[in-house]
>>> print(open('coords.cif').read())   # mmCIF, C-alpha atoms and all ligand atoms
data_query
loop_
_atom_site.label_atom_id
_atom_site.label_comp_id
_atom_site.auth_asym_id
_atom_site.auth_seq_id
_atom_site.Cartn_x
_atom_site.Cartn_y
_atom_site.Cartn_z
CA MET X 212 1.12 32.37 4.47
CA ARG X 213 0.94 29.28 6.66
CA PRO X 214 4.06 27.08 6.55
CA VAL X 215 3.56 23.63 4.97
CA GLU X 216 4.50 21.83 8.21
CA GLU X 217 1.98 23.82 10.21
CA HIS X 218 -0.88 22.91 7.90
CA ALA X 219 0.31 19.29 7.80
CA ALA X 220 0.21 19.20 11.60
CA THR X 221 -3.31 20.67 11.59
CA VAL X 222 -4.56 17.97 9.22
CA ALA X 223 -2.74 15.27 11.19
CA GLY X 224 -4.53 16.41 14.33
CA LEU X 225 -7.95 15.92 12.74
CA VAL X 226 -7.92 12.24 11.84
CA ALA X 227 -7.85 9.67 14.64
CA ALA X 228 -6.51 6.11 14.50
CA THR X 229 -9.25 3.84 13.19
CA GLY X 230 -9.21 0.82 15.51
CA SER X 231 -9.25 -2.78 14.33
CA GLU X 232 -11.43 -5.43 12.71
CA THR X 233 -11.12 -9.09 11.81
CA VAL X 234 -10.93 -10.08 8.14
CA ARG X 235 -10.70 -13.41 6.34
CA LEU X 236 -7.35 -14.21 4.81
CA ALA X 237 -8.78 -13.71 1.30
CA ASP X 238 -9.55 -10.09 2.20
CA ALA X 239 -6.27 -9.34 3.95
CA ARG X 240 -4.06 -8.22 1.07
CA ASP X 241 -2.51 -4.78 1.64
CA ARG X 242 -4.15 -4.55 5.05
CA ILE X 243 -2.05 -3.80 8.13
CA LEU X 244 -1.86 -6.26 10.96
CA ALA X 245 -3.20 -4.75 14.21
CA ALA X 246 -2.16 -7.55 16.57
CA ASP X 247 0.94 -9.73 16.81
CA LEU X 248 0.52 -13.10 15.13
CA SER X 249 2.31 -15.98 16.86
CA SER X 250 2.43 -19.47 15.46
CA PRO X 251 0.72 -22.20 17.51
CA LEU X 252 2.83 -24.78 15.67
CA ALA X 253 6.28 -25.44 14.28
CA LEU X 254 7.01 -25.15 10.57
CA PRO X 255 7.60 -27.67 9.21
CA PRO X 256 5.34 -29.34 11.79
CA PHE X 257 7.17 -32.68 11.32
CA ALA X 258 10.47 -33.86 9.78
CA ASN X 259 9.81 -34.60 6.11
CA SER X 260 11.51 -35.43 2.86
CA ALA X 261 12.94 -32.72 0.61
CA MET X 262 13.15 -35.14 -2.35
CA ASP X 263 11.26 -37.91 -4.05
CA GLY X 264 13.32 -41.02 -3.26
CA TYR X 265 13.94 -43.50 -0.44
CA ALA X 266 14.07 -42.92 3.31
CA VAL X 267 17.07 -44.77 4.73
CA ARG X 268 19.50 -44.92 7.59
CA ALA X 269 22.63 -43.31 6.14
CA ALA X 270 24.76 -45.91 7.98
CA ASP X 271 23.05 -48.76 6.04
CA LEU X 272 24.51 -47.51 2.76
CA HIS X 273 27.96 -49.04 2.15
CA GLY X 274 29.54 -51.31 -0.47
CA PHE X 275 27.94 -49.71 -3.53
CA PRO X 276 25.78 -50.51 -5.31
CA VAL X 277 23.73 -51.57 -2.28
CA THR X 278 20.33 -53.27 -2.52
CA LEU X 279 17.70 -52.87 0.22
CA PRO X 280 14.15 -54.21 0.55
CA VAL X 281 11.37 -51.60 0.20
CA PRO X 282 8.48 -52.71 2.48
CA GLU X 283 6.59 -49.37 2.52
CA ASP X 284 5.50 -46.50 0.35
CA VAL X 285 5.11 -43.04 1.99
CA PRO X 286 3.29 -40.51 -0.18
CA ALA X 287 2.82 -36.94 1.12
CA GLY X 288 -0.12 -36.92 3.53
CA ARG X 289 0.31 -40.51 4.78
CA VAL X 290 -0.26 -40.37 8.53
CA ASP X 291 0.17 -44.02 9.59
CA GLY X 292 3.65 -44.83 8.27
CA PRO X 293 5.42 -47.53 10.34
CA PRO X 294 9.03 -47.09 11.56
CA LEU X 295 11.90 -47.97 9.24
CA ALA X 296 13.46 -51.33 10.12
CA PRO X 297 17.29 -51.44 9.94
CA GLY X 298 18.62 -52.48 6.55
CA THR X 299 15.46 -51.43 4.66
CA ALA X 300 14.27 -48.42 2.68
CA HIS X 301 10.80 -46.80 2.39
CA ARG X 302 9.89 -45.18 -0.88
CA ILE X 303 9.05 -41.56 0.05
CA MET X 304 7.76 -38.46 -1.74
CA THR X 305 8.64 -34.80 -1.22
CA GLY X 306 6.78 -33.46 1.83
CA ALA X 307 5.96 -36.91 3.26
CA PRO X 308 6.79 -37.50 6.94
CA LEU X 309 10.17 -39.14 7.50
CA PRO X 310 9.60 -42.60 9.04
CA GLU X 311 10.85 -43.04 12.58
CA GLY X 312 14.30 -44.58 12.42
CA ALA X 313 15.23 -43.00 9.07
CA ASP X 314 17.80 -40.20 9.06
CA ALA X 315 18.27 -39.41 5.36
CA VAL X 316 16.64 -39.60 1.92
CA VAL X 317 18.33 -40.86 -1.24
CA GLN X 318 16.90 -39.10 -4.26
CA VAL X 319 15.33 -41.42 -6.82
CA GLU X 320 17.87 -40.42 -9.50
CA TRP X 321 20.64 -42.13 -7.48
CA THR X 322 18.77 -45.47 -7.52
CA ASP X 323 17.22 -47.97 -9.91
CA GLY X 324 13.75 -46.71 -8.87
CA GLY X 325 12.78 -50.04 -7.22
CA LEU X 326 9.09 -50.40 -6.33
CA PRO X 327 7.49 -50.86 -2.90
CA GLY X 328 7.17 -54.58 -2.17
CA ALA X 329 10.43 -55.23 -4.08
CA THR X 330 13.96 -53.84 -3.62
CA VAL X 331 15.87 -50.71 -4.48
CA THR X 332 19.49 -50.52 -5.56
CA VAL X 333 21.29 -47.39 -4.39
CA GLU X 334 24.41 -46.14 -6.19
CA LYS X 335 25.69 -43.33 -3.94
CA ALA X 336 26.03 -42.55 -0.23
CA VAL X 337 24.08 -39.86 1.61
CA ASP X 338 25.02 -38.14 4.87
CA ALA X 339 22.74 -38.38 7.89
CA GLY X 340 20.27 -35.47 7.59
CA GLN X 341 20.65 -35.18 3.84
CA ASN X 342 17.38 -34.29 2.04
CA VAL X 343 15.54 -34.07 5.37
CA ARG X 344 13.68 -30.91 6.39
CA GLY X 345 13.69 -30.80 10.16
CA ALA X 346 10.63 -29.95 12.27
CA GLY X 347 10.71 -26.26 13.28
CA GLU X 348 13.51 -25.34 10.84
CA ASP X 349 11.43 -22.43 9.53
CA VAL X 350 9.28 -21.45 12.53
CA THR X 351 9.26 -22.76 16.10
CA ALA X 352 6.02 -23.30 18.03
CA GLY X 353 5.07 -20.09 19.85
CA GLU X 354 7.29 -17.89 17.66
CA LEU X 355 6.10 -14.36 16.80
CA VAL X 356 5.87 -14.64 13.02
CA LEU X 357 4.18 -11.36 12.02
CA PRO X 358 4.32 -8.40 14.40
CA ALA X 359 1.54 -5.82 14.60
CA GLY X 360 2.18 -3.18 11.95
CA THR X 361 3.13 -5.68 9.24
CA VAL X 362 1.79 -4.80 5.79
CA LEU X 363 0.15 -7.95 4.47
CA GLY X 364 1.52 -8.83 1.04
CA PRO X 365 1.47 -12.24 -0.62
CA ALA X 366 4.34 -13.71 1.42
CA GLN X 367 2.88 -12.55 4.74
CA ILE X 368 -0.55 -13.95 3.83
CA GLY X 369 1.11 -17.21 2.84
CA LEU X 370 2.87 -17.40 6.19
CA ALA X 371 -0.34 -16.63 8.10
CA ALA X 372 -2.10 -19.46 6.24
CA ALA X 373 0.82 -21.82 6.88
CA VAL X 374 0.56 -21.30 10.64
CA GLY X 375 -3.17 -21.97 10.43
CA ALA X 376 -4.67 -18.46 10.75
CA ALA X 377 -7.99 -18.28 8.84
CA GLU X 378 -8.62 -14.68 9.91
CA LEU X 379 -6.41 -11.76 10.84
CA VAL X 380 -6.90 -8.73 13.06
CA VAL X 381 -6.14 -5.67 10.95
CA HIS X 382 -6.50 -1.92 11.23
CA ARG X 383 -9.80 -0.68 9.89
CA ARG X 384 -9.40 1.36 6.72
CA PRO X 385 -10.23 5.05 7.18
CA ARG X 386 -13.56 5.81 5.43
CA VAL X 387 -13.26 8.87 3.24
CA LEU X 388 -16.06 10.73 1.53
CA VAL X 389 -14.81 12.31 -1.71
CA LEU X 390 -16.82 15.19 -3.10
CA SER X 391 -15.99 17.47 -6.02
CA THR X 392 -17.63 20.79 -6.71
CA GLY X 393 -18.02 22.94 -9.78
CA SER X 394 -20.89 23.92 -12.10
CA GLU X 395 -18.54 23.36 -15.06
CA LEU X 396 -18.14 19.67 -14.31
CA VAL X 397 -19.57 16.89 -16.44
CA ALA X 398 -19.22 13.17 -15.77
CA PRO X 399 -16.64 11.30 -17.86
CA GLY X 400 -18.45 9.59 -20.72
CA GLU X 401 -20.81 12.50 -21.27
CA PRO X 402 -20.23 15.04 -24.08
CA LEU X 403 -18.85 18.48 -23.24
CA ARG X 404 -20.33 21.80 -24.21
CA HIS X 405 -18.18 24.86 -24.44
CA GLY X 406 -17.14 25.89 -20.93
CA GLN X 407 -17.50 22.42 -19.46
CA ILE X 408 -14.82 19.91 -18.44
CA HIS X 409 -14.92 16.32 -17.26
CA GLU X 410 -14.87 15.73 -13.54
CA SER X 411 -11.43 14.23 -12.93
CA ASN X 412 -10.59 15.07 -9.31
CA GLY X 413 -13.22 12.75 -7.83
CA PRO X 414 -12.02 9.53 -9.48
CA MET X 415 -8.40 10.61 -8.99
CA LEU X 416 -8.77 11.35 -5.27
CA ALA X 417 -10.89 8.24 -4.65
CA ALA X 418 -8.10 6.17 -6.22
CA ALA X 419 -5.52 8.03 -4.12
CA VAL X 420 -7.54 7.33 -0.96
CA ASP X 421 -7.76 3.62 -1.75
CA ASP X 422 -4.07 3.56 -2.60
CA ALA X 423 -3.30 5.15 0.77
CA GLY X 424 -5.14 2.30 2.51
CA GLY X 425 -8.43 4.14 2.90
CA GLU X 426 -11.92 3.26 1.74
CA ALA X 427 -13.19 5.95 -0.59
CA ARG X 428 -16.86 6.74 -1.17
CA LEU X 429 -17.10 8.91 -4.25
CA LEU X 430 -20.15 11.16 -4.36
CA ARG X 431 -21.57 12.62 -7.51
CA PHE X 432 -20.14 16.12 -7.79
CA VAL X 433 -22.29 19.11 -6.96
CA PRO X 434 -22.69 22.48 -8.68
CA ASP X 435 -21.57 25.71 -7.04
CA ASP X 436 -24.59 25.90 -4.75
CA VAL X 437 -24.18 25.99 -0.97
CA ALA X 438 -27.62 24.55 -0.13
CA GLU X 439 -27.16 21.64 -2.54
CA PHE X 440 -23.60 21.07 -1.29
CA LEU X 441 -24.75 20.87 2.33
CA SER X 442 -27.76 18.66 1.63
CA THR X 443 -25.61 16.26 -0.42
CA LEU X 444 -23.03 16.18 2.35
CA ASP X 445 -25.54 15.69 5.17
CA ALA X 446 -27.22 12.82 3.33
CA ALA X 447 -23.86 11.15 2.72
CA LEU X 448 -22.80 11.61 6.33
CA GLU X 449 -25.62 9.33 7.46
CA GLN X 450 -23.02 6.63 6.82
CA PRO X 451 -20.00 6.54 9.14
CA THR X 452 -17.19 8.71 7.81
CA ASP X 453 -13.68 9.33 9.12
CA LEU X 454 -12.84 12.18 6.75
CA VAL X 455 -14.57 14.40 4.21
CA LEU X 456 -12.31 15.31 1.31
CA THR X 457 -13.50 17.97 -1.11
CA SER X 458 -11.89 19.54 -4.14
CA GLY X 459 -12.52 22.94 -5.67
CA GLY X 460 -14.36 25.98 -4.46
CA VAL X 461 -11.83 27.29 -1.97
CA SER X 462 -9.98 30.23 -3.53
CA ALA X 463 -10.97 33.86 -4.03
CA GLY X 464 -13.72 33.75 -6.66
CA ALA X 465 -17.35 34.77 -6.42
CA TYR X 466 -18.68 31.19 -6.33
CA GLU X 467 -16.52 29.34 -3.82
CA VAL X 468 -19.09 26.81 -2.68
CA VAL X 469 -16.86 24.80 -0.34
CA LYS X 470 -15.55 27.88 1.38
CA ASP X 471 -18.99 29.47 1.60
CA ALA X 472 -20.51 26.31 3.05
CA PHE X 473 -17.76 25.42 5.48
CA ALA X 474 -16.23 28.72 6.62
CA PRO X 475 -19.17 29.48 8.97
CA ARG X 476 -19.25 25.81 10.05
CA GLY X 477 -15.90 25.01 11.65
CA VAL X 478 -13.45 24.84 8.74
CA ALA X 479 -10.57 27.32 8.56
CA PHE X 480 -9.42 28.46 5.12
CA VAL X 481 -5.79 29.44 4.73
CA LYS X 482 -3.11 30.11 2.19
CA VAL X 483 -0.27 27.62 2.54
CA ALA X 484 3.25 28.51 1.38
CA MET X 485 3.24 25.87 -1.31
CA GLN X 486 2.98 25.60 -5.08
CA PRO X 487 0.82 23.99 -6.23
CA GLY X 488 -1.73 23.77 -3.46
CA MET X 489 -1.85 27.22 -1.94
CA PRO X 490 -5.55 27.52 -0.98
CA GLN X 491 -6.37 24.93 1.68
CA GLY X 492 -8.99 24.33 4.31
CA ALA X 493 -9.16 22.05 7.33
CA GLY X 494 -11.42 21.66 10.33
CA CYS X 495 -14.41 19.78 11.70
CA TYR X 496 -18.01 19.80 10.52
CA GLU X 497 -20.82 19.03 12.96
CA HIS X 498 -23.27 16.46 11.72
CA ALA X 499 -25.96 14.86 13.89
CA GLY X 500 -23.98 15.46 17.05
CA HIS X 501 -20.73 14.13 15.54
CA SER X 502 -17.70 16.13 14.62
CA VAL X 503 -16.46 14.99 11.19
CA PRO X 504 -12.95 15.96 10.02
CA VAL X 505 -12.89 17.92 6.76
CA VAL X 506 -10.00 18.66 4.42
CA THR X 507 -10.72 20.87 1.42
CA LEU X 508 -8.27 20.60 -1.46
CA PRO X 509 -7.93 23.11 -4.27
CA GLY X 510 -9.69 22.33 -7.54
CA ASN X 511 -6.83 22.48 -10.00
CA PRO X 512 -6.15 18.78 -10.60
CA VAL X 513 -2.40 18.89 -9.97
CA SER X 514 -2.95 21.06 -6.89
CA SER X 515 -5.49 18.56 -5.65
CA LEU X 516 -3.31 15.47 -5.97
CA VAL X 517 -0.10 17.15 -4.81
CA SER X 518 -1.96 18.56 -1.78
CA PHE X 519 -3.28 15.06 -1.12
CA GLU X 520 0.30 13.73 -1.23
CA VAL X 521 1.56 16.38 1.17
CA PHE X 522 -1.30 16.66 3.68
CA VAL X 523 -3.67 13.70 3.41
CA ARG X 524 -1.85 10.56 2.31
CA PRO X 525 0.53 10.36 5.27
CA VAL X 526 -2.33 11.09 7.69
CA LEU X 527 -4.59 8.39 6.23
CA ARG X 528 -1.76 5.86 6.30
CA ALA X 529 -0.89 6.72 9.89
CA ALA X 530 -4.57 6.55 10.94
CA GLY X 531 -4.80 3.14 9.26
CA GLY X 532 -1.79 1.86 11.20
CA HIS X 533 0.78 1.95 8.40
CA PRO X 534 4.32 1.76 9.78
CA HIS X 535 5.70 4.04 7.03
CA PRO X 536 3.20 6.84 6.37
CA ASP X 537 5.49 8.95 4.18
CA ARG X 538 6.65 8.36 0.63
CA PRO X 539 10.21 7.07 0.40
CA ARG X 540 12.57 10.00 -0.13
CA VAL X 541 15.93 10.16 -1.88
CA ARG X 542 18.29 12.90 -3.04
CA ALA X 543 18.96 13.49 -6.75
CA ARG X 544 20.41 16.14 -9.04
CA VAL X 545 18.06 18.11 -11.27
CA SER X 546 18.77 17.72 -14.98
CA GLU X 547 18.03 21.32 -15.91
CA SER X 548 17.75 24.78 -14.34
CA LEU X 549 14.41 25.86 -12.85
CA ARG X 550 12.65 28.85 -11.36
CA SER X 551 10.40 28.79 -8.33
CA PRO X 552 8.27 31.47 -6.62
CA ALA X 553 9.77 33.17 -3.56
CA GLY X 554 8.21 32.18 -0.24
CA ARG X 555 6.48 29.01 -1.52
CA ARG X 556 7.70 25.46 -1.39
CA GLN X 557 7.44 24.12 -4.89
CA LEU X 558 6.66 20.48 -5.57
CA ARG X 559 7.51 19.72 -9.16
CA ARG X 560 6.65 16.59 -11.05
CA GLY X 561 9.63 14.56 -12.21
CA ARG X 562 11.07 11.35 -13.47
CA LEU X 563 13.93 9.84 -11.60
CA ASP X 564 16.84 8.04 -13.20
CA ALA X 565 17.96 6.03 -10.20
CA VAL X 566 21.14 4.83 -11.96
CA THR X 567 22.56 8.31 -12.54
CA GLY X 568 20.75 9.91 -9.57
CA THR X 569 19.17 12.51 -11.85
CA VAL X 570 15.65 13.89 -11.67
CA SER X 571 14.15 15.50 -14.78
CA PRO X 572 11.14 17.82 -14.59
CA VAL X 573 8.00 16.53 -16.33
CA GLY X 574 5.99 19.45 -17.62
CA ALA X 575 6.01 23.00 -16.28
CA ALA X 576 4.82 24.20 -12.89
CA GLY X 577 1.21 24.89 -13.97
CA SER X 578 -1.35 23.21 -11.72
CA HIS X 579 -3.64 22.32 -14.64
CA LEU X 580 -1.01 20.06 -16.29
CA LEU X 581 -2.55 16.73 -15.37
CA ALA X 582 -0.97 14.80 -18.25
CA ALA X 583 2.50 15.67 -16.94
CA LEU X 584 1.52 14.43 -13.49
CA ALA X 585 0.35 11.17 -15.03
CA HIS X 586 3.78 10.69 -16.61
CA ALA X 587 5.74 11.48 -13.46
CA ASP X 588 7.16 8.91 -11.06
CA CYS X 589 8.28 11.37 -8.40
CA LEU X 590 7.80 14.80 -6.91
CA PHE X 591 10.82 16.93 -6.14
CA VAL X 592 11.03 19.82 -3.74
CA VAL X 593 12.33 23.33 -4.25
CA GLY X 594 12.58 25.15 -0.92
CA GLU X 595 10.60 28.27 0.05
CA ASP X 596 13.71 30.45 0.02
CA VAL X 597 14.95 29.29 -3.40
CA THR X 598 13.93 31.12 -6.57
CA GLU X 599 16.46 29.68 -9.01
CA VAL X 600 17.82 26.18 -9.16
CA ALA X 601 20.91 25.54 -11.30
CA ALA X 602 21.17 22.30 -13.25
CA GLY X 603 23.00 19.70 -11.17
CA THR X 604 21.66 20.98 -7.81
CA GLU X 605 20.67 18.26 -5.34
CA VAL X 606 17.02 18.21 -4.33
CA ASP X 607 14.72 16.06 -2.17
CA VAL X 608 12.75 13.58 -4.25
CA TRP X 609 9.57 11.82 -3.11
CA LEU X 610 9.15 8.51 -4.88
CA LEU X 611 5.64 7.98 -6.22
CA ASP X 612 4.60 4.63 -7.64
CA PRO X 613 6.40 3.67 -10.82
CA VAL X 614 4.57 4.66 -13.99
CA ARG X 615 3.29 1.33 -15.28
N1 LIG R 1 -7.87 35.61 -7.42
C1 LIG R 1 -7.34 34.44 -7.12
N2 LIG R 1 -7.60 33.40 -7.92
C2 LIG R 1 -7.07 32.22 -7.64
C3 LIG R 1 -6.23 32.07 -6.53
C4 LIG R 1 -5.99 33.16 -5.69
O1 LIG R 1 -5.27 33.07 -4.70
N3 LIG R 1 -6.57 34.32 -6.02
N4 LIG R 1 -5.65 30.85 -6.30
C5 LIG R 1 -5.43 30.06 -7.49
C6 LIG R 1 -4.94 28.79 -7.11
S1 LIG R 1 -3.35 28.75 -6.65
C7 LIG R 1 -5.68 27.66 -7.17
S2 LIG R 1 -5.00 26.15 -6.83
C8 LIG R 1 -7.07 27.68 -7.57
C9 LIG R 1 -7.92 26.91 -6.56
O2 LIG R 1 -9.22 27.15 -6.85
P1 LIG R 1 -10.45 26.40 -6.21
O3 LIG R 1 -10.04 25.39 -5.23
O4 LIG R 1 -11.41 27.39 -5.78
O5 LIG R 1 -10.96 25.55 -7.43
P2 LIG R 1 -11.94 25.98 -8.57
O6 LIG R 1 -11.91 27.42 -8.78
O7 LIG R 1 -13.24 25.31 -8.26
O8 LIG R 1 -11.25 25.24 -9.76
C10 LIG R 1 -9.95 25.53 -10.15
C11 LIG R 1 -9.67 24.85 -11.47
O9 LIG R 1 -9.75 23.46 -11.33
C12 LIG R 1 -10.77 22.91 -12.14
N5 LIG R 1 -11.46 21.88 -11.39
C13 LIG R 1 -12.10 22.06 -10.23
N6 LIG R 1 -12.66 20.92 -9.81
C14 LIG R 1 -12.36 20.00 -10.73
C15 LIG R 1 -12.66 18.63 -10.86
N7 LIG R 1 -13.38 17.97 -9.95
N8 LIG R 1 -12.20 17.97 -11.93
C16 LIG R 1 -11.47 18.61 -12.87
N9 LIG R 1 -11.12 19.90 -12.79
C17 LIG R 1 -11.58 20.61 -11.74
C18 LIG R 1 -11.68 24.06 -12.43
O10 LIG R 1 -12.41 23.87 -13.58
C19 LIG R 1 -10.70 25.20 -12.51
O11 LIG R 1 -10.08 25.23 -13.76
O12 LIG R 1 -7.56 28.99 -7.66
C20 LIG R 1 -6.69 29.90 -8.33
N10 LIG R 1 -7.36 31.16 -8.45
O1 LIG R 2 -1.72 26.78 -5.49
MO1 LIG R 2 -2.50 26.62 -6.95
O2 LIG R 2 -2.57 25.10 -6.30
O3 LIG R 2 -0.90 26.94 -7.56
O4 LIG R 2 -2.51 26.11 -8.50
#
>>> encode(input="coords.cif", output="structure tokens")
Amino acid sequence: MRPVEEHAATVAGLVAATGSETVRLADARDRILAADLSSPLALPPFANSAMDGYAVRAADLHGFPVTLPVPEDVPAGRVDGPPLAPGTAHRIMTGAPLPEGADAVVQVEWTDGGLPGATVTVEKAVDAGQNVRGAGEDVTAGELVLPAGTVLGPAQIGLAAAVGAAELVVHRRPRVLVLSTGSELVAPGEPLRHGQIHESNGPMLAAAVDDAGGEARLLRFVPDDVAEFLSTLDAALEQPTDLVLTSGGVSAGAYEVVKDAFAPRGVAFVKVAMQPGMPQGAGCYEHAGHSVPVVTLPGNPVSSLVSFEVFVRPVLRAAGGHPHPDRPRVRARVSESLRSPAGRRQLRRGRLDAVTGTVSPVGAAGSHLLAALAHADCLFVVGEDVTEVAAGTEVDVWLLDPVR
């Protein structure tokens, strides 16, 4: 059987980096920056007030209470404020530019709240610089604020907007065609007859592709018919595609449509030393003079998604420029004893108690146990050479997304 790492390397070698595109800020969430973003301006761009109150010279405040004339009002956004004459105060709002000549702001609570055109009486002293946000305190002009490779979450998008970027250069998302096969499959929402099941791999893998930063195109599943499989595929490949991802039809049965269609057309089918996810295929399919990468996942739902986690997710994330393609990994102790097949790396579904560092199996090893997978927040690994794991043994744990 082919070692897991060898098959992972084969799949990694199929999918190239995607290149870049420009998107509007509103479309940038979860995208990955493809070019350094430097700020053309300082943040804050000008010295401004941190409080609603009165701009003053700190040195003018002595002999309390002290009363000063208030000749000006400076709301946020005022752009023509005159300088502050010695011995006066300007009423000022949070975010408004500090008048030239002022060096501090007294918050309104420390005064009688005197109006512009009248006077204000101040009860307490302030230090020079107090309640003033200096120009460039956050970002200096020319500073590299977001390096290429940054994952754009809310804070990063906020910063990009603050420095004036309306668009960002990001990695293009890998385009993945998702196609399920099986004559027993029926669309969710339609009634089942005996012998039929709902098609679950397609929606599951499309969601996994999107979650890995890709752009999934989910095709309607096809029956176990090679001609129909190939015509569906060829029609779909008229649109640009970075990867074809199939599920089902790859093991040893009499109607293995994916294997029958692809084996003579550039895709190698192998047994990988893994459970679940033993039957795998990878290669390139020629379409209209282009070579399109293909990964064929096994049909059992848990095999499909676990194989995606092991072989496809890190490759899609790397192709899409993600700085951390792999799932975060930790060590934890298993809560109970387990058995695992000799010569196959087992990936079990688990729930991690991060406080005690304990991982508990969710469900048995069977690759049809989709409900257990849906209740798991991690996978944990039992090595190829291990057949029995005693309770309390430390294992590698891959953190999936928290179960919401
Ligand atoms: N004689 C052997 N039989 C099997 C072997 C083997 O080595 N020798 N391997 C087993 C293992 S391990 C796996 S995994 C499966 C993989 O089979 P296929 O990839 O060919 O998948 P199918 O036979 O098409 O389906 C397997 C199973 O999964 C269900 N399925 C398939 N597609 C979907 C879908 N889109 N949505 C929901 N469920 C799906 C299907 O109904 C079957 O129950 O082969 C073993 N057999
Ligand atoms: O390898 Mo299969 O994926 O065990 O069920």
>>> residues_near_ligand(input="coords.cif", ligand="ligand LIG 2 (chain R)", cutoff="8 Å", atoms="all atoms listed in the file", output="ChimeraX atom specification")
/X:485-490,509-511,513-515,518,577-579
>>> axis_aligned_box(input="coords.cif", around="ligand LIG 1 (chain R)", padding_each_side="8 Å", output="JSON")
{"center_x": -8.4, "center_y": 26.8, "center_z": -9.2, "size_x": 26.0, "size_y": 33.6, "size_z": 25.1}
>>> closest_residue(input="coords.cif", among="X:Leu549, X:Ala472, X:Asp271, X:Arg555", to="Ala601 of chain X", atoms="all atoms listed in the file")
X:Leu549
>>> closest_atom_pairs(input="coords.cif", of="segment 495-595 of chain X", to="segment 242-250 of chain X", cutoff="10 Å", atoms="all atoms listed in the file", output="CSV")
residue,atom,partner,partner_atom,distance
X:Arg528,CA,X:Ile243,CA,9.8
X:Gly531,CA,X:Ile243,CA,7.6
X:Gly532,CA,X:Ile243,CA,6.4
X:His533,CA,X:Ile243,CA,6.4
X:Pro534,CA,X:Ile243,CA,8.6
>>> residues_near_ligand(input="coords.cif", ligand="ligand LIG 1 (chain R)", cutoff="7 Å", atoms="only C-alpha atoms and all ligand atoms", output="JSON, numbers by chain")
{"X": [391, 392, 393, 395, 396, 408, 409, 410, 411, 412, 413, 458, 459, 460, 461, 462, 463, 464, 467, 487, 488, 489, 490, 508, 509, 510, 511, 512, 514, 578]}
>>> residues_around(input="coords.cif", residues="Gly594 of chain X", least_positions_apart="5", cutoff="9 Å", atoms="all atoms listed in the file", output="NGL selection string")
:X and (551 or 553-558 or 606)
>>> closest_residue(input="coords.cif", among="X:Val593, X:Val343, X:Ala372, X:Val506", to="Phe522 of chain X", atoms="all atoms listed in the file")
X:Val506
>>> residues_around(input="coords.cif", residues="Val222 of chain X", least_positions_apart="2", cutoff="9 Å", atoms="only C-alpha atoms", output="compact mmCIF listing (two decimals) with C-alpha atoms, keeping the file's coordinate frame")
# COMPACT_ATOMS: atom_id res chain seq x y z
CA GLU X 217 1.98 23.82 10.21
CA HIS X 218 -0.88 22.91 7.90
CA ALA X 219 0.31 19.29 7.80
CA ALA X 220 0.21 19.20 11.60
CA GLY X 224 -4.53 16.41 14.33
CA LEU X 225 -7.95 15.92 12.74
CA VAL X 226 -7.92 12.24 11.84
CA ALA X 493 -9.16 22.05 7.33
CA GLY X 494 -11.42 21.66 10.33
CA PRO X 504 -12.95 15.96 10.02
CA VAL X 505 -12.89 17.92 6.76
CA VAL X 506 -10.00 18.66 4.42
CA PHE X 522 -1.30 16.66 3.68
CA VAL X 523 -3.67 13.70 3.41
CA VAL X 526 -2.33 11.09 7.69
>>> residues_around(input="coords.cif", residues="Glu320 of chain X", least_positions_apart="6", cutoff="10 Å", atoms="only C-alpha atoms", output="list in words")
Asp263, Gly264, Val333 and Glu334 of chain X
>>> write_last_selection(input="coords.cif", atoms="C-alpha atoms", output="mmCIF file, keeping the file's coordinate frame")
data_model
loop_
_atom_site.group_PDB
_atom_site.id
_atom_site.type_symbol
_atom_site.label_atom_id
_atom_site.label_comp_id
_atom_site.auth_asym_id
_atom_site.auth_seq_id
_atom_site.Cartn_x
_atom_site.Cartn_y
_atom_site.Cartn_z
ATOM 1 C CA ASP X 263 11.260 -37.910 -4.050
ATOM 2 C CA GLY X 264 13.320 -41.020 -3.260
ATOM 3 C CA VAL X 333 21.290 -47.390 -4.390
ATOM 4 C CA GLU X 334 24.410 -46.140 -6.190
#
>>> atom_distance(input="coords.cif", atom1="atom CA of Gly325 of chain X", atom2="atom CA of Glu283 of chain X")
11.6 Å
>>> atom_distance(input="coords.cif", atom1="atom CA of Pro475 of chain X", atom2="atom CA of Cys495 of chain X")
11.1 Å
>>> residues_near_point(input="coords.cif", point="(11.4, -41.3, 10.6)", cutoff="10 Å", atoms="all atoms listed in the file", output="compact mmCIF listing (two decimals) with C-alpha atoms, keeping the file's coordinate frame")
# COMPACT_ATOMS: atom_id res chain seq x y z
CA PHE X 257 7.17 -32.68 11.32
CA ALA X 258 10.47 -33.86 9.78
CA ASN X 259 9.81 -34.60 6.11
CA SER X 260 11.51 -35.43 2.86
CA ALA X 266 14.07 -42.92 3.31
CA VAL X 267 17.07 -44.77 4.73
CA ARG X 268 19.50 -44.92 7.59
CA GLY X 292 3.65 -44.83 8.27
CA PRO X 293 5.42 -47.53 10.34
CA PRO X 294 9.03 -47.09 11.56
CA LEU X 295 11.90 -47.97 9.24
CA HIS X 301 10.80 -46.80 2.39
CA PRO X 308 6.79 -37.50 6.94
CA LEU X 309 10.17 -39.14 7.50
CA PRO X 310 9.60 -42.60 9.04
CA GLU X 311 10.85 -43.04 12.58
CA GLY X 312 14.30 -44.58 12.42
CA ALA X 313 15.23 -43.00 9.07
CA ASP X 314 17.80 -40.20 9.06
CA ALA X 315 18.27 -39.41 5.36
CA VAL X 343 15.54 -34.07 5.37
